[in-house]
Amino acid sequence: MSNYELNVVVDDFHYLEGPRWYQDALWFVDFYTKGVYRINDAGDAEKIVHVEEQPSGLGWLPDGRMLVVSMKDRKILRLEDDGELVVHADISEHCGGHANDMVVALNGNAYVGDFGFDLTGGEDFKETGLVLVRPDGSSQVVAEGLCFPNGMVISADEKTLIVNEMFGNRISQFEVYDDGTLGPRRDFANFGELGDEPDLSKRVERAQILPDGLTLDQEGAVWIADTLNHRVARIKEGGEILEVVETAPEGIFAVMLGGADGKTLFMCAALDWDEESRKAETKGRMLSTRVEVAHDGTP
């Protein structure tokens, strides 16, 4: 395990998610100011667009237009060149809970996860899947049987999609077919099967990791935001934990490798994910540290 120096990039936010390094700048969302932000040249967070039904995952089409998940109405929105925010796709028919994280491939295909159940309302856990949204806005389910799919990346060769299963105690991967659909699920790293247990608290109690955000490096390892253990962990395929960045008492809920050389690890930090507490306080912040292996893949 290594020691890492933590730096504050920006603070005084509510709950940050969806960090992306795009066009030499850090982008992210804040759930409860309902904004998509970009760090400008002065180092300040500039609000780019407001998403009333709560923003989450971010990505960009090949022509540079931004896509953003609108969580509570389960839509993918598109920011037009003139600044208008329009509906790119309505995926509500495919979602059992809030729409959540998203990765947009270089060809414009977007892969979107959802909660699968009413997390904040205390509903029993239910499995869900991944939705493929094509550049024309059409959508279809391309994976099922996932336990709260969250952070996602696509390998540099565009042939593999890796996704965290936050309440599944595992990280999964899929072959990406030429038509954008996905092959069968297989383990990237599995820390023990949790079965079909519907009680979320029991699932968390039995888990070794709660993998939220995800970013890929050039050695094929992933950094995950391990919300259960107040840390970021670098994990190789097969499940070996290579390095850890400890952040207690804060938890980390999303991560991104970026910076000019791809070796800055950005981390979205907060005390917890409790909606009412995060809405009431501005203790969310973006941290960073330097790592040895650079970013790879998308985002």
# chains A, B, ... in the order shown; residues from 1 in each chain; ligands from 1
>>> residues_around(residues="range 65-68 of chain A", least_positions_apart="3", cutoff="8 Å", atoms="only C-alpha atoms", output="list in words")
Pro55, Ser56, Gly57, Leu58, Gly59, Trp60, Leu61, Pro62, Ile76, Leu77, Arg78, Leu79, Glu80, Asp81 and His88 of chain A
>>> write_last_selection(atoms="N, CA, C and O atoms", output="mmCIF file, in the first residue's frame")
data_model
loop_
_atom_site.group_PDB
_atom_site.id
_atom_site.type_symbol
_atom_site.label_atom_id
_atom_site.label_comp_id
_atom_site.auth_asym_id
_atom_site.auth_seq_id
_atom_site.Cartn_x
_atom_site.Cartn_y
_atom_site.Cartn_z
ATOM 1 N N PRO A 55 -28.702 15.730 -12.408
ATOM 2 C CA PRO A 55 -27.751 15.179 -13.372
ATOM 3 C C PRO A 55 -26.912 14.057 -12.781
ATOM 4 O O PRO A 55 -26.683 13.987 -11.572
ATOM 5 N N SER A 56 -26.444 13.175 -13.666
ATOM 6 C CA SER A 56 -25.519 12.123 -13.248
ATOM 7 C C SER A 56 -24.462 11.938 -14.327
ATOM 8 O O SER A 56 -23.692 12.850 -14.580
ATOM 9 N N GLY A 57 -24.424 10.779 -14.996
ATOM 10 C CA GLY A 57 -23.358 10.477 -15.930
ATOM 11 C C GLY A 57 -23.240 11.462 -17.088
ATOM 12 O O GLY A 57 -24.237 12.000 -17.563
ATOM 13 N N LEU A 58 -21.996 11.672 -17.537
ATOM 14 C CA LEU A 58 -21.695 12.602 -18.629
ATOM 15 C C LEU A 58 -20.954 11.883 -19.749
ATOM 16 O O LEU A 58 -20.258 10.903 -19.522
ATOM 17 N N GLY A 59 -21.091 12.426 -20.961
ATOM 18 C CA GLY A 59 -20.322 11.938 -22.098
ATOM 19 C C GLY A 59 -20.548 12.852 -23.280
ATOM 20 O O GLY A 59 -21.349 13.790 -23.212
ATOM 21 N N TRP A 60 -19.834 12.565 -24.367
ATOM 22 C CA TRP A 60 -19.898 13.447 -25.534
ATOM 23 C C TRP A 60 -20.069 12.637 -26.808
ATOM 24 O O TRP A 60 -19.439 11.577 -26.990
ATOM 25 N N LEU A 61 -20.908 13.136 -27.697
ATOM 26 C CA LEU A 61 -21.070 12.562 -29.022
ATOM 27 C C LEU A 61 -19.845 12.894 -29.875
ATOM 28 O O LEU A 61 -19.083 13.811 -29.542
ATOM 29 N N PRO A 62 -19.636 12.189 -30.986
ATOM 30 C CA PRO A 62 -18.473 12.471 -31.826
ATOM 31 C C PRO A 62 -18.388 13.912 -32.311
ATOM 32 O O PRO A 62 -17.288 14.423 -32.549
ATOM 33 N N ILE A 76 -31.999 10.815 -21.127
ATOM 34 C CA ILE A 76 -30.685 11.284 -21.526
ATOM 35 C C ILE A 76 -30.900 12.596 -22.266
ATOM 36 O O ILE A 76 -31.681 12.655 -23.227
ATOM 37 N N LEU A 77 -30.240 13.647 -21.788
ATOM 38 C CA LEU A 77 -30.389 14.970 -22.392
ATOM 39 C C LEU A 77 -29.156 15.280 -23.231
ATOM 40 O O LEU A 77 -28.070 14.751 -22.997
ATOM 41 N N ARG A 78 -29.352 16.168 -24.199
ATOM 42 C CA ARG A 78 -28.269 16.554 -25.116
ATOM 43 C C ARG A 78 -28.169 18.071 -25.143
ATOM 44 O O ARG A 78 -29.171 18.770 -25.291
ATOM 45 N N LEU A 79 -26.949 18.563 -24.969
ATOM 46 C CA LEU A 79 -26.711 20.002 -24.985
ATOM 47 C C LEU A 79 -26.334 20.416 -26.406
ATOM 48 O O LEU A 79 -25.275 20.054 -26.916
ATOM 49 N N GLU A 80 -27.210 21.175 -27.033
ATOM 50 C CA GLU A 80 -26.996 21.600 -28.412
ATOM 51 C C GLU A 80 -25.948 22.714 -28.480
ATOM 52 O O GLU A 80 -25.620 23.360 -27.476
ATOM 53 N N ASP A 81 -25.447 22.967 -29.660
ATOM 54 C CA ASP A 81 -24.410 23.980 -29.839
ATOM 55 C C ASP A 81 -24.877 25.371 -29.449
ATOM 56 O O ASP A 81 -24.065 26.227 -29.072
ATOM 57 N N HIS A 88 -32.518 13.621 -25.631
ATOM 58 C CA HIS A 88 -31.842 12.734 -26.579
ATOM 59 C C HIS A 88 -32.525 11.369 -26.604
ATOM 60 O O HIS A 88 -32.697 10.761 -27.668
#
>>> select_by_dssp(residues="range 65-267 of chain A", states="alpha helix (DSSP H)", output="PDB file with all heavy atoms, in the first residue's frame")
ATOM      1  N   LEU A 200     -31.288  -4.852   1.445  1.00  0.00           N
ATOM      2  CA  LEU A 200     -30.095  -4.121   1.056  1.00  0.00           C
ATOM      3  C   LEU A 200     -29.079  -4.050   2.191  1.00  0.00           C
ATOM      4  O   LEU A 200     -27.866  -4.174   1.956  1.00  0.00           O
ATOM      5  CB  LEU A 200     -30.472  -2.714   0.593  1.00  0.00           C
ATOM      6  CG  LEU A 200     -29.338  -1.882  -0.012  1.00  0.00           C
ATOM      7  CD1 LEU A 200     -28.741  -2.572  -1.229  1.00  0.00           C
ATOM      8  CD2 LEU A 200     -29.835  -0.489  -0.380  1.00  0.00           C
ATOM      9  N   SER A 201     -29.526  -3.859   3.411  1.00  0.00           N
ATOM     10  CA  SER A 201     -28.598  -3.765   4.532  1.00  0.00           C
ATOM     11  C   SER A 201     -27.820  -5.065   4.707  1.00  0.00           C
ATOM     12  O   SER A 201     -26.626  -5.044   5.039  1.00  0.00           O
ATOM     13  CB  SER A 201     -29.341  -3.401   5.815  1.00  0.00           C
ATOM     14  OG  SER A 201     -30.274  -4.410   6.170  1.00  0.00           O
ATOM     15  N   LYS A 202     -28.455  -6.206   4.462  1.00  0.00           N
ATOM     16  CA  LYS A 202     -27.762  -7.491   4.571  1.00  0.00           C
ATOM     17  C   LYS A 202     -26.751  -7.652   3.441  1.00  0.00           C
ATOM     18  O   LYS A 202     -25.667  -8.212   3.647  1.00  0.00           O
ATOM     19  CB  LYS A 202     -28.773  -8.634   4.554  1.00  0.00           C
ATOM     20  CG  LYS A 202     -29.632  -8.709   5.814  1.00  0.00           C
ATOM     21  CD  LYS A 202     -30.592  -9.877   5.758  1.00  0.00           C
ATOM     22  CE  LYS A 202     -31.453  -9.944   7.018  1.00  0.00           C
ATOM     23  NZ  LYS A 202     -32.429 -11.066   6.957  1.00  0.00           N
ATOM     24  N   ARG A 203     -27.093  -7.156   2.248  1.00  0.00           N
ATOM     25  CA  ARG A 203     -26.143  -7.226   1.139  1.00  0.00           C
ATOM     26  C   ARG A 203     -24.889  -6.417   1.467  1.00  0.00           C
ATOM     27  O   ARG A 203     -23.762  -6.874   1.246  1.00  0.00           O
ATOM     28  CB  ARG A 203     -26.785  -6.711  -0.150  1.00  0.00           C
ATOM     29  CG  ARG A 203     -27.955  -7.521  -0.661  1.00  0.00           C
ATOM     30  CD  ARG A 203     -28.436  -7.036  -2.023  1.00  0.00           C
ATOM     31  NE  ARG A 203     -27.494  -7.393  -3.076  1.00  0.00           N
ATOM     32  CZ  ARG A 203     -27.498  -8.554  -3.733  1.00  0.00           C
ATOM     33  NH1 ARG A 203     -28.401  -9.482  -3.447  1.00  0.00           N
ATOM     34  NH2 ARG A 203     -26.616  -8.784  -4.690  1.00  0.00           N
ATOM     35  N   VAL A 204     -25.100  -5.212   1.981  1.00  0.00           N
ATOM     36  CA  VAL A 204     -23.964  -4.348   2.329  1.00  0.00           C
ATOM     37  C   VAL A 204     -23.136  -4.980   3.441  1.00  0.00           C
ATOM     38  O   VAL A 204     -21.897  -4.950   3.416  1.00  0.00           O
ATOM     39  CB  VAL A 204     -24.463  -2.950   2.729  1.00  0.00           C
ATOM     40  CG1 VAL A 204     -23.327  -2.097   3.284  1.00  0.00           C
ATOM     41  CG2 VAL A 204     -25.121  -2.253   1.539  1.00  0.00           C
ATOM     42  N   GLU A 205     -23.795  -5.574   4.421  1.00  0.00           N
ATOM     43  CA  GLU A 205     -23.097  -6.201   5.552  1.00  0.00           C
ATOM     44  C   GLU A 205     -22.196  -7.340   5.085  1.00  0.00           C
ATOM     45  O   GLU A 205     -21.108  -7.557   5.638  1.00  0.00           O
ATOM     46  CB  GLU A 205     -24.142  -6.724   6.538  1.00  0.00           C
ATOM     47  CG  GLU A 205     -23.598  -7.257   7.838  1.00  0.00           C
ATOM     48  CD  GLU A 205     -24.720  -7.673   8.775  1.00  0.00           C
ATOM     49  OE1 GLU A 205     -25.406  -6.789   9.312  1.00  0.00           O
ATOM     50  OE2 GLU A 205     -24.917  -8.897   8.943  1.00  0.00           O
ATOM     51  N   ARG A 206     -22.608  -8.052   4.050  1.00  0.00           N
ATOM     52  CA  ARG A 206     -21.855  -9.209   3.564  1.00  0.00           C
ATOM     53  C   ARG A 206     -20.787  -8.828   2.532  1.00  0.00           C
ATOM     54  O   ARG A 206     -19.926  -9.645   2.204  1.00  0.00           O
ATOM     55  CB  ARG A 206     -22.820 -10.229   2.949  1.00  0.00           C
ATOM     56  CG  ARG A 206     -23.717 -10.920   3.965  1.00  0.00           C
ATOM     57  CD  ARG A 206     -24.834 -11.681   3.273  1.00  0.00           C
ATOM     58  NE  ARG A 206     -24.322 -12.591   2.240  1.00  0.00           N
ATOM     59  CZ  ARG A 206     -25.091 -13.157   1.313  1.00  0.00           C
ATOM     60  NH1 ARG A 206     -26.396 -12.889   1.279  1.00  0.00           N
ATOM     61  NH2 ARG A 206     -24.562 -13.970   0.429  1.00  0.00           N
TER      62      ARG A 206
END
>>> residues_around(residues="Ala25 in chain A", least_positions_apart="6", cutoff="12 Å", atoms="only C-alpha atoms", output="number ranges by chain")
A: 19, 37-46, 256-260, 262, 264, 266
>>> residues_around(residues="Asp114 in chain A", least_positions_apart="5", cutoff="6 Å", atoms="only C-alpha atoms", output="PyMOL selection string")
chain A and resi 95+97-100
>>> write_last_selection(atoms="N, CA and C atoms", output="PDB file, in the first residue's frame")
ATOM      1  N   CYS A  95     -36.139   1.248 -17.061  1.00  0.00           N
ATOM      2  CA  CYS A  95     -35.550   1.519 -15.741  1.00  0.00           C
ATOM      3  C   CYS A  95     -36.487   1.136 -14.608  1.00  0.00           C
ATOM      4  N   GLY A  97     -35.577   2.100 -11.504  1.00  0.00           N
ATOM      5  CA  GLY A  97     -35.284   3.159 -10.539  1.00  0.00           C
ATOM      6  C   GLY A  97     -34.662   4.319 -11.277  1.00  0.00           C
ATOM      7  N   HIS A  98     -34.087   5.255 -10.546  1.00  0.00           N
ATOM      8  CA  HIS A  98     -33.449   6.401 -11.183  1.00  0.00           C
ATOM      9  C   HIS A  98     -32.412   5.941 -12.209  1.00  0.00           C
ATOM     10  N   ALA A  99     -32.365   6.617 -13.354  1.00  0.00           N
ATOM     11  CA  ALA A  99     -31.228   6.454 -14.253  1.00  0.00           C
ATOM     12  C   ALA A  99     -29.985   6.972 -13.536  1.00  0.00           C
ATOM     13  N   ASN A 100     -28.808   6.438 -13.904  1.00  0.00           N
ATOM     14  CA  ASN A 100     -27.638   6.746 -13.089  1.00  0.00           C
ATOM     15  C   ASN A 100     -26.412   7.039 -13.956  1.00  0.00           C
TER      16      ASN A 100
END
>>> residues_around(residues="Asp30 in chain A", least_positions_apart="4", cutoff="8 Å", atoms="only C-alpha atoms", output="VMD selection string")
chain A and resid 13 to 17 34 to 37 55
>>> residues_around(residues="range 232-241 of chain A", least_positions_apart="4", cutoff="7 Å", atoms="only C-alpha atoms", output="list of chain:residue names")
A:Phe188, A:Ala189, A:Asn190, A:Gly220, A:Ala221, A:Val222, A:Trp223, A:Ile224, A:Ala225, A:Asp226, A:Val245, A:Glu246, A:Ile252
>>> write_last_selection(atoms="N, CA, C and O atoms", output="short mmCIF file (atom, residue, chain, number, x, y, z; two decimals), in the first residue's frame")
data_model
loop_
_atom_site.label_atom_id
_atom_site.label_comp_id
_atom_site.auth_asym_id
_atom_site.auth_seq_id
_atom_site.Cartn_x
_atom_site.Cartn_y
_atom_site.Cartn_z
N PHE A 188 -14.71 -9.36 -13.85
CA PHE A 188 -13.41 -8.68 -13.84
C PHE A 188 -12.77 -8.91 -12.48
O PHE A 188 -11.59 -9.25 -12.38
N ALA A 189 -13.57 -8.74 -11.43
CA ALA A 189 -13.14 -9.04 -10.06
C ALA A 189 -14.37 -9.37 -9.25
O ALA A 189 -15.36 -8.64 -9.29
N ASN A 190 -14.32 -10.47 -8.51
CA ASN A 190 -15.47 -10.92 -7.73
C ASN A 190 -15.01 -11.18 -6.30
O ASN A 190 -14.10 -11.96 -6.06
N GLY A 220 -4.29 -1.84 -17.55
CA GLY A 220 -5.49 -2.66 -17.51
C GLY A 220 -6.12 -2.80 -16.14
O GLY A 220 -7.08 -3.55 -15.96
N ALA A 221 -5.58 -2.08 -15.15
CA ALA A 221 -6.17 -2.07 -13.81
C ALA A 221 -7.21 -0.95 -13.73
O ALA A 221 -7.20 0.00 -14.52
N VAL A 222 -8.11 -1.08 -12.77
CA VAL A 222 -9.11 -0.04 -12.55
C VAL A 222 -8.96 0.54 -11.15
O VAL A 222 -8.62 -0.17 -10.20
N TRP A 223 -9.17 1.84 -11.05
CA TRP A 223 -9.36 2.49 -9.75
C TRP A 223 -10.86 2.55 -9.50
O TRP A 223 -11.62 2.97 -10.37
N ILE A 224 -11.29 2.11 -8.32
CA ILE A 224 -12.70 2.18 -7.96
C ILE A 224 -12.88 3.06 -6.73
O ILE A 224 -12.00 3.13 -5.86
N ALA A 225 -14.01 3.74 -6.69
CA ALA A 225 -14.43 4.43 -5.48
C ALA A 225 -15.12 3.40 -4.60
O ALA A 225 -16.23 2.96 -4.88
N ASP A 226 -14.42 2.97 -3.54
CA ASP A 226 -14.95 1.95 -2.64
C ASP A 226 -15.65 2.65 -1.48
O ASP A 226 -15.04 2.97 -0.47
N VAL A 245 -5.85 4.36 -1.75
CA VAL A 245 -5.81 5.74 -1.27
C VAL A 245 -6.87 5.85 -0.17
O VAL A 245 -8.07 5.75 -0.44
N GLU A 246 -6.43 6.04 1.06
CA GLU A 246 -7.35 6.15 2.20
C GLU A 246 -7.87 7.58 2.32
O GLU A 246 -7.09 8.54 2.23
N ILE A 252 -15.43 8.23 -0.97
CA ILE A 252 -15.26 8.63 -2.36
C ILE A 252 -16.33 7.93 -3.18
O ILE A 252 -16.54 6.72 -3.07
#
>>> select_by_dssp(residues="range 10-164 of chain A", states="strand (DSSP E or B)", output="PyMOL selection string")
chain A and resi 10-13+16-22+25-30+35-39+45-50+55-60+66-70+75-79+85-90+99-104+110-114+128-133+139-146+149-154+160-164
>>> atom_distance(atom1="CA of Asp217 in chain A", atom2="CA of Asp63 in chain A")
25.3 Å
>>> atom_distance(atom1="CA of Met286 in chain A", atom2="CA of Ala269 in chain A")
6.0 Å
>>> decode(residues="range 19-30 of chain A", atoms="N, CA, C and O atoms", output="mmCIF file, in the first residue's frame")
data_model
loop_
_atom_site.group_PDB
_atom_site.id
_atom_site.type_symbol
_atom_site.label_atom_id
_atom_site.label_comp_id
_atom_site.auth_asym_id
_atom_site.auth_seq_id
_atom_site.Cartn_x
_atom_site.Cartn_y
_atom_site.Cartn_z
ATOM 1 N N PRO A 19 -17.245 12.591 -12.648
ATOM 2 C CA PRO A 19 -16.083 13.349 -13.111
ATOM 3 C C PRO A 19 -15.597 12.829 -14.468
ATOM 4 O O PRO A 19 -15.555 11.622 -14.710
ATOM 5 N N ARG A 20 -15.255 13.743 -15.344
ATOM 6 C CA ARG A 20 -14.747 13.401 -16.676
ATOM 7 C C ARG A 20 -13.618 14.362 -17.030
ATOM 8 O O ARG A 20 -13.692 15.571 -16.719
ATOM 9 N N TRP A 21 -12.584 13.860 -17.690
ATOM 10 C CA TRP A 21 -11.533 14.718 -18.233
ATOM 11 C C TRP A 21 -11.788 14.834 -19.728
ATOM 12 O O TRP A 21 -11.683 13.853 -20.464
ATOM 13 N N TYR A 22 -12.152 16.038 -20.198
ATOM 14 C CA TYR A 22 -12.556 16.220 -21.592
ATOM 15 C C TYR A 22 -12.050 17.569 -22.084
ATOM 16 O O TYR A 22 -12.246 18.589 -21.422
ATOM 17 N N GLN A 23 -11.392 17.547 -23.231
ATOM 18 C CA GLN A 23 -10.825 18.757 -23.827
ATOM 19 C C GLN A 23 -9.993 19.543 -22.815
ATOM 20 O O GLN A 23 -10.175 20.751 -22.624
ATOM 21 N N ASP A 24 -9.093 18.822 -22.164
ATOM 22 C CA ASP A 24 -8.113 19.403 -21.239
ATOM 23 C C ASP A 24 -8.752 20.101 -20.042
ATOM 24 O O ASP A 24 -8.198 21.057 -19.497
ATOM 25 N N ALA A 25 -9.900 19.625 -19.631
ATOM 26 C CA ALA A 25 -10.573 20.221 -18.468
ATOM 27 C C ALA A 25 -11.316 19.142 -17.689
ATOM 28 O O ALA A 25 -11.727 18.115 -18.244
ATOM 29 N N LEU A 26 -11.480 19.375 -16.396
ATOM 30 C CA LEU A 26 -12.246 18.488 -15.535
ATOM 31 C C LEU A 26 -13.704 18.930 -15.520
ATOM 32 O O LEU A 26 -14.010 20.097 -15.263
ATOM 33 N N TRP A 27 -14.601 17.997 -15.776
ATOM 34 C CA TRP A 27 -16.048 18.205 -15.731
ATOM 35 C C TRP A 27 -16.620 17.319 -14.634
ATOM 36 O O TRP A 27 -16.084 16.249 -14.342
ATOM 37 N N PHE A 28 -17.750 17.730 -14.047
ATOM 38 C CA PHE A 28 -18.424 16.911 -13.047
ATOM 39 C C PHE A 28 -19.827 17.450 -12.845
ATOM 40 O O PHE A 28 -20.193 18.504 -13.384
ATOM 41 N N VAL A 29 -20.628 16.730 -12.072
ATOM 42 C CA VAL A 29 -21.966 17.208 -11.727
ATOM 43 C C VAL A 29 -22.071 17.341 -10.213
ATOM 44 O O VAL A 29 -21.330 16.707 -9.462
ATOM 45 N N ASP A 30 -22.996 18.190 -9.787
ATOM 46 C CA ASP A 30 -23.386 18.268 -8.383
ATOM 47 C C ASP A 30 -24.879 17.941 -8.339
ATOM 48 O O ASP A 30 -25.698 18.677 -8.906
#
